[in-house]
$ cat run_6.txt   # compact mmCIF, C-alpha atoms
# COMPACT_ATOMS: atom_id res chain seq x y z
CA MET A 7 38.74 -28.91 11.51
CA LYS A 8 38.81 -26.39 14.34
CA PRO A 9 42.12 -26.66 16.18
CA ASP A 10 42.16 -26.96 19.95
CA PHE A 11 44.76 -27.09 22.71
CA LYS A 12 45.56 -30.73 21.93
CA PHE A 13 46.23 -29.81 18.28
CA LEU A 14 48.29 -26.78 19.35
CA THR A 15 50.60 -28.91 21.46
CA ALA A 16 50.73 -31.96 19.15
CA HIS A 17 53.65 -30.61 17.08
CA PRO A 18 56.07 -27.66 17.39
CA ALA A 19 54.95 -26.43 13.95
CA HIS A 20 51.37 -26.16 15.19
CA PHE A 21 52.49 -24.26 18.29
CA LEU A 22 54.41 -21.77 16.17
CA ALA A 23 51.89 -21.45 13.34
CA LEU A 24 49.04 -20.86 15.77
CA GLY A 25 51.02 -18.07 17.44
CA PHE A 26 51.64 -19.91 20.73
CA GLY A 27 47.86 -20.19 21.10
CA ALA A 28 46.70 -16.81 19.78
CA GLY A 29 45.27 -18.59 16.74
CA LEU A 30 42.87 -20.50 18.99
CA ALA A 31 40.88 -17.31 19.65
CA PRO A 32 37.24 -18.08 18.80
CA LYS A 33 36.83 -14.81 16.88
CA ALA A 34 39.35 -12.75 14.89
CA PRO A 35 42.41 -14.96 15.46
CA GLY A 36 44.39 -12.84 12.98
CA THR A 37 43.81 -9.80 15.16
CA PHE A 38 45.06 -11.70 18.20
CA GLY A 39 48.10 -12.81 16.21
CA THR A 40 48.76 -9.22 15.23
CA MET A 41 48.52 -8.16 18.89
CA LEU A 42 51.03 -10.86 19.83
CA ALA A 43 53.67 -9.00 17.82
CA ILE A 44 53.51 -6.03 20.21
CA PRO A 45 55.06 -7.66 23.32
CA ILE A 46 57.58 -9.44 21.09
CA TYR A 47 58.53 -6.05 19.62
CA PHE A 48 59.04 -4.50 23.07
CA ALA A 49 61.11 -7.50 24.20
CA CYS A 50 63.32 -7.28 21.10
CA ASP A 51 63.68 -3.53 21.54
CA ALA A 52 64.69 -3.91 25.20
CA LEU A 53 67.06 -6.83 24.68
CA GLY A 54 68.81 -6.05 21.42
CA GLY A 55 67.21 -3.20 19.53
CA ASN A 56 66.95 -3.16 15.77
CA TYR A 57 69.42 -6.00 15.23
CA LEU A 58 67.44 -8.44 17.36
CA LEU A 59 64.20 -7.19 15.80
CA ALA A 60 65.53 -7.78 12.28
CA ALA A 61 66.74 -11.24 13.27
CA MET A 62 63.37 -12.07 14.85
CA VAL A 63 61.38 -10.93 11.79
CA THR A 64 63.65 -12.97 9.51
CA LEU A 65 63.52 -16.03 11.76
CA LEU A 66 59.73 -15.88 12.14
CA PHE A 67 59.27 -15.49 8.40
CA ILE A 68 61.51 -18.44 7.54
CA VAL A 69 60.24 -20.72 10.31
CA GLY A 70 56.72 -19.51 9.55
CA ILE A 71 56.93 -20.93 6.03
CA TRP A 72 57.65 -24.38 7.44
CA ALA A 73 55.20 -24.15 10.35
CA SER A 74 52.38 -22.82 8.15
CA ALA A 75 52.89 -25.53 5.54
CA LYS A 76 52.95 -28.32 8.14
CA THR A 77 49.97 -26.94 10.08
CA GLY A 78 47.93 -26.18 6.97
CA LYS A 79 48.47 -29.74 5.78
CA SER A 80 47.40 -31.11 9.17
CA LEU A 81 44.28 -28.91 9.15
CA GLY A 82 43.47 -29.67 5.52
CA VAL A 83 43.41 -25.96 4.63
CA SER A 84 46.57 -24.25 3.35
CA ASP A 85 45.83 -20.86 4.93
CA HIS A 86 43.55 -21.80 7.83
CA GLY A 87 42.33 -18.82 9.84
CA SER A 88 43.97 -20.12 13.00
CA ILE A 89 47.43 -19.85 11.41
CA VAL A 90 48.64 -16.48 12.68
CA ILE A 91 52.44 -16.67 12.53
CA ASP A 92 52.14 -14.65 9.32
CA GLU A 93 50.46 -11.77 11.16
CA VAL A 94 53.01 -11.95 13.98
CA ALA A 95 56.03 -11.76 11.67
CA ALA A 96 54.52 -9.14 9.37
CA PHE A 97 53.30 -6.79 12.09
CA LEU A 98 56.62 -7.12 13.89
CA LEU A 99 58.20 -5.73 10.72
CA VAL A 100 55.65 -2.89 10.65
CA LEU A 101 56.45 -1.97 14.25
CA ALA A 102 60.06 -1.33 13.26
CA PHE A 103 58.79 1.56 11.12
CA VAL A 104 56.38 3.15 13.58
CA PRO A 105 57.48 6.79 13.81
CA ALA A 106 59.28 7.73 17.00
CA GLY A 107 58.72 10.97 18.80
CA PRO A 108 55.46 12.42 20.06
CA SER A 109 52.56 9.98 20.44
CA PRO A 110 54.29 6.70 19.50
CA HIS A 111 51.32 4.73 20.86
CA VAL A 112 48.98 6.64 18.54
CA TRP A 113 51.23 5.72 15.60
CA MET A 114 51.25 2.11 16.79
CA ALA A 115 47.44 2.10 16.89
CA VAL A 116 47.28 3.60 13.38
CA ALA A 117 49.75 0.96 12.18
CA PHE A 118 47.67 -1.80 13.79
CA VAL A 119 44.42 -0.68 12.16
CA ALA A 120 46.05 -0.08 8.77
CA PHE A 121 47.74 -3.49 8.81
CA ARG A 122 44.52 -5.28 9.74
CA VAL A 123 42.62 -3.43 6.99
CA PHE A 124 45.23 -4.36 4.37
CA ASP A 125 45.41 -7.95 5.63
CA ILE A 126 41.64 -8.44 5.66
CA THR A 127 40.65 -6.58 2.47
CA LYS A 128 43.69 -7.73 0.46
CA PRO A 129 43.96 -4.90 -2.08
CA TRP A 130 46.28 -5.28 -5.08
CA PRO A 131 48.91 -6.80 -5.00
CA ILE A 132 48.06 -8.64 -1.78
CA GLY A 133 44.95 -10.28 -3.22
CA VAL A 134 46.82 -11.47 -6.30
CA ALA A 135 49.52 -13.05 -4.14
CA ASP A 136 46.92 -14.61 -1.84
CA ARG A 137 45.12 -16.24 -4.80
CA THR A 138 48.17 -17.40 -6.72
CA ILE A 139 50.98 -18.25 -4.29
CA LYS A 140 50.16 -21.30 -2.22
CA GLY A 141 51.75 -23.31 0.54
CA GLY A 142 53.68 -22.00 3.51
CA PHE A 143 55.42 -19.32 1.46
CA GLY A 144 52.07 -18.03 0.18
CA VAL A 145 50.68 -17.86 3.72
CA MET A 146 53.62 -15.72 4.82
CA PHE A 147 54.06 -13.68 1.63
CA ASP A 148 50.65 -12.01 1.42
CA ASP A 149 51.08 -10.72 4.98
CA LEU A 150 54.55 -9.47 4.10
CA LEU A 151 52.93 -7.47 1.31
CA ALA A 152 50.32 -6.15 3.76
CA ALA A 153 53.19 -5.10 6.02
CA LEU A 154 54.95 -3.28 3.18
CA LEU A 155 51.76 -1.42 2.22
CA THR A 156 51.26 -0.49 5.86
CA ILE A 157 54.82 0.83 6.09
CA VAL A 158 54.35 2.94 2.96
CA PHE A 159 51.07 4.23 4.39
CA LEU A 160 52.69 5.12 7.74
CA LEU A 161 55.67 6.86 6.17
CA THR A 162 53.38 8.79 3.82
CA ILE A 163 51.12 9.95 6.66
CA ARG A 164 54.22 10.87 8.72
CA ALA A 165 55.67 12.89 5.82
CA ILE A 166 52.37 14.72 5.32
CA THR A 167 51.96 15.53 9.02
CA VAL A 168 55.57 16.66 9.41
CA GLY A 169 55.25 18.78 6.26
CA ALA A 170 52.00 20.32 7.51
CA ALA A 171 53.57 21.13 10.88
CA ALA A 172 56.55 22.90 9.33
$ encode --input "run_6.txt" --output "structure tokens"
Amino acid sequence: MKPDFKFLTAHPAHFLALGFGAGLAPKAPGTFGTMLAIPIYFACDALGGNYLLAAMVTLLFIVGIWASAKTGKSLGVSDHGSIVIDEVAAFLLVLAFVPAGPSPHVWMAVAFVAFRVFDITKPWPIGVADRTIKGGFGVMFDDLLAALLTIVFLLTIRAITVGAAA
């Protein structure tokens, strides 16, 4: 089943799981879901800083488990490609670790590309989690792992570049 606007608005879980409509993108819905995290990040940063950001990541992860499970069941596929709440929550977490200072938008772009690569290619341990952990938690968990690998990658690159500049 390919979800449409009617499906999106049929249940609040569908609306959330499909990233308020980002998951309806005809191509690369996960990329659109990842992009959706960017304005949410800036809104959280402007309205409440790191505390609101942490609350939003936690809320999206927890609600995402429920919304993904409900929507996956309705679509007949546990981790349907149109379910993007996992990318939204995970990339929102990554954005909290984007290095500040010179060229923050460059770091954000690097984080975006790295996260998408990890999410799409699913290297160890992401692939193992994706194959073995099912249901709403599984949908959310493999993207959380992709976020953690992205954060490690960003912090490593930042440490190398700061060390090289010193």
$ closest_residue --input "run_6.txt" --among "A:Leu161, A:Ile44, A:Met62, A:Ala28" --to "Phe97 in chain A" --atoms "all atoms listed in the file"
A:Ile44
$ residues_around --input "run_6.txt" --residues "Ala23 in chain A" --least-positions-apart "6" --cutoff "8 Å" --atoms "all atoms listed in the file" --output "PyMOL selection string"
chain A and resi 29+70+73-74+77+89-92
$ write_last_selection --input "run_6.txt" --atoms "C-alpha atoms" --output "JSON list (two decimals), in the frame of the given file"
[["chain", "number", "residue", "atom", "x", "y", "z"],
["A", 29, "GLY", "CA", 45.27, -18.59, 16.74],
["A", 70, "GLY", "CA", 56.72, -19.51, 9.55],
["A", 73, "ALA", "CA", 55.20, -24.15, 10.35],
["A", 74, "SER", "CA", 52.38, -22.82, 8.15],
["A", 77, "THR", "CA", 49.97, -26.94, 10.08],
["A", 89, "ILE", "CA", 47.43, -19.85, 11.41],
["A", 90, "VAL", "CA", 48.64, -16.48, 12.68],
["A", 91, "ILE", "CA", 52.44, -16.67, 12.53],
["A", 92, "ASP", "CA", 52.14, -14.65, 9.32]]
$ atom_distance --input "run_6.txt" --atom1 "CA of Arg164 in chain A" --atom2 "CA of Val116 in chain A"
11.1 Å
$ residues_around --input "run_6.txt" --residues "Phe121 in chain A" --least-positions-apart "4" --cutoff "6 Å" --atoms "all atoms listed in the file" --output "list in words"
Ala117, Asp125 and Thr156 of chain A
$ closest_residue --input "run_6.txt" --among "A:Val158, A:Leu81, A:Ala153, A:Val168" --to "Val94 in chain A" --atoms "all atoms listed in the file"
A:Ala153
$ residues_around --input "run_6.txt" --residues "Val119 in chain A" --least-positions-apart "3" --cutoff "12 Å" --atoms "all atoms listed in the file" --output "list in words"
Thr37, Thr40, Met41, Phe97, Val100, Val112, Trp113, Met114, Ala115, Val116, Arg122, Val123, Phe124, Asp125, Ile126, Thr127, Ala152, Ala153, Thr156, Phe159 and Leu160 of chain A
$ atom_distance --input "run_6.txt" --atom1 "CA of Leu154 in chain A" --atom2 "CA of His20 in chain A"
26.1 Å
$ closest_residue --input "run_6.txt" --among "A:Ala120, A:Gly107, A:Ile157, A:Leu22" --to "Ile68 in chain A" --atoms "all atoms listed in the file"
A:Leu22
$ closest_residue --input "run_6.txt" --among "A:Ala60, A:Leu101, A:Pro110, A:Gly142" --to "Tyr47 in chain A" --atoms "all atoms listed in the file"
A:Leu101
$ closest_residue --input "run_6.txt" --among "A:Gly144, A:Glu93, A:Leu98, A:Ile71" --to "Phe48 in chain A" --atoms "all atoms listed in the file"
A:Leu98
$ closest_residue --input "run_6.txt" --among "A:Ala95, A:Ile166, A:Val63, A:Ala19" --to "Gly36 in chain A" --atoms "only C-alpha atoms"
A:Ala95
$ atom_distance --input "run_6.txt" --atom1 "CA of Arg137 in chain A" --atom2 "CA of Asp149 in chain A"
12.7 Å
$ build_atoms --input "run_6.txt" --residues "range 125-148 of chain A" --atoms "N, CA, C and O atoms" --output "tab-separated table (two decimals), keeping the file's coordinate frame"
chain	number	residue	atom	x	y	z
A	125	ASP	N	45.39	-6.50	5.54
A	125	ASP	CA	45.41	-7.95	5.63
A	125	ASP	C	44.03	-8.56	5.36
A	125	ASP	O	43.93	-9.61	4.71
A	126	ILE	N	43.00	-7.91	5.82
A	126	ILE	CA	41.64	-8.44	5.66
A	126	ILE	C	41.08	-8.17	4.25
A	126	ILE	O	40.53	-9.07	3.61
A	127	THR	N	41.25	-6.93	3.76
A	127	THR	CA	40.65	-6.58	2.47
A	127	THR	C	41.48	-7.04	1.28
A	127	THR	O	40.95	-7.17	0.18
A	128	LYS	N	42.78	-7.23	1.49
A	128	LYS	CA	43.69	-7.73	0.46
A	128	LYS	C	43.63	-6.97	-0.87
A	128	LYS	O	43.34	-7.54	-1.92
A	129	PRO	N	43.92	-5.66	-0.82
A	129	PRO	CA	43.96	-4.90	-2.08
A	129	PRO	C	45.15	-5.38	-2.93
A	129	PRO	O	46.02	-6.10	-2.45
A	130	TRP	N	45.17	-4.93	-4.20
A	130	TRP	CA	46.28	-5.28	-5.08
A	130	TRP	C	47.57	-4.76	-4.45
A	130	TRP	O	47.58	-3.66	-3.93
A	131	PRO	N	48.62	-5.47	-4.45
A	131	PRO	CA	48.91	-6.80	-5.00
A	131	PRO	C	48.71	-7.94	-4.01
A	131	PRO	O	48.96	-9.09	-4.34
A	132	ILE	N	48.23	-7.61	-2.81
A	132	ILE	CA	48.06	-8.64	-1.78
A	132	ILE	C	47.09	-9.73	-2.23
A	132	ILE	O	47.38	-10.92	-2.10
A	133	GLY	N	45.96	-9.32	-2.77
A	133	GLY	CA	44.95	-10.28	-3.22
A	133	GLY	C	45.47	-11.20	-4.31
A	133	GLY	O	45.16	-12.40	-4.32
A	134	VAL	N	46.24	-10.65	-5.22
A	134	VAL	CA	46.82	-11.47	-6.30
A	134	VAL	C	47.74	-12.52	-5.70
A	134	VAL	O	47.67	-13.71	-6.05
A	135	ALA	N	48.60	-12.10	-4.78
A	135	ALA	CA	49.52	-13.05	-4.14
A	135	ALA	C	48.75	-14.10	-3.36
A	135	ALA	O	49.08	-15.29	-3.42
A	136	ASP	N	47.72	-13.69	-2.64
A	136	ASP	CA	46.92	-14.61	-1.84
A	136	ASP	C	46.26	-15.68	-2.72
A	136	ASP	O	46.18	-16.84	-2.32
A	137	ARG	N	45.80	-15.29	-3.90
A	137	ARG	CA	45.12	-16.24	-4.80
A	137	ARG	C	46.09	-17.12	-5.58
A	137	ARG	O	45.71	-18.21	-5.99
A	138	THR	N	47.29	-16.67	-5.82
A	138	THR	CA	48.17	-17.40	-6.72
A	138	THR	C	49.35	-18.11	-6.07
A	138	THR	O	49.84	-19.10	-6.61
A	139	ILE	N	49.81	-17.63	-4.94
A	139	ILE	CA	50.98	-18.25	-4.29
A	139	ILE	C	50.47	-19.09	-3.13
A	139	ILE	O	49.87	-18.57	-2.20
A	140	LYS	N	50.70	-20.36	-3.21
A	140	LYS	CA	50.16	-21.30	-2.22
A	140	LYS	C	51.25	-21.85	-1.31
A	140	LYS	O	52.43	-21.55	-1.47
A	141	GLY	N	50.83	-22.68	-0.38
A	141	GLY	CA	51.75	-23.31	0.54
A	141	GLY	C	52.20	-22.37	1.64
A	141	GLY	O	51.67	-21.27	1.80
A	142	GLY	N	53.18	-22.80	2.40
A	142	GLY	CA	53.68	-22.00	3.51
A	142	GLY	C	54.21	-20.65	3.08
A	142	GLY	O	53.99	-19.64	3.76
A	143	PHE	N	54.90	-20.60	1.94
A	143	PHE	CA	55.42	-19.32	1.46
A	143	PHE	C	54.27	-18.36	1.14
A	143	PHE	O	54.33	-17.17	1.48
A	144	GLY	N	53.22	-18.87	0.51
A	144	GLY	CA	52.07	-18.03	0.18
A	144	GLY	C	51.39	-17.47	1.42
A	144	GLY	O	50.98	-16.31	1.45
A	145	VAL	N	51.27	-18.32	2.46
A	145	VAL	CA	50.68	-17.86	3.72
A	145	VAL	C	51.46	-16.67	4.27
A	145	VAL	O	50.87	-15.67	4.70
A	146	MET	N	52.78	-16.78	4.26
A	146	MET	CA	53.62	-15.72	4.82
A	146	MET	C	53.73	-14.51	3.90
A	146	MET	O	53.76	-13.37	4.36
A	147	PHE	N	53.77	-14.75	2.58
A	147	PHE	CA	54.06	-13.68	1.63
A	147	PHE	C	52.97	-12.62	1.54
A	147	PHE	O	53.26	-11.43	1.47
A	148	ASP	N	51.70	-13.03	1.55
A	148	ASP	CA	50.65	-12.01	1.42
A	148	ASP	C	50.64	-11.08	2.63
A	148	ASP	O	50.37	-9.88	2.50
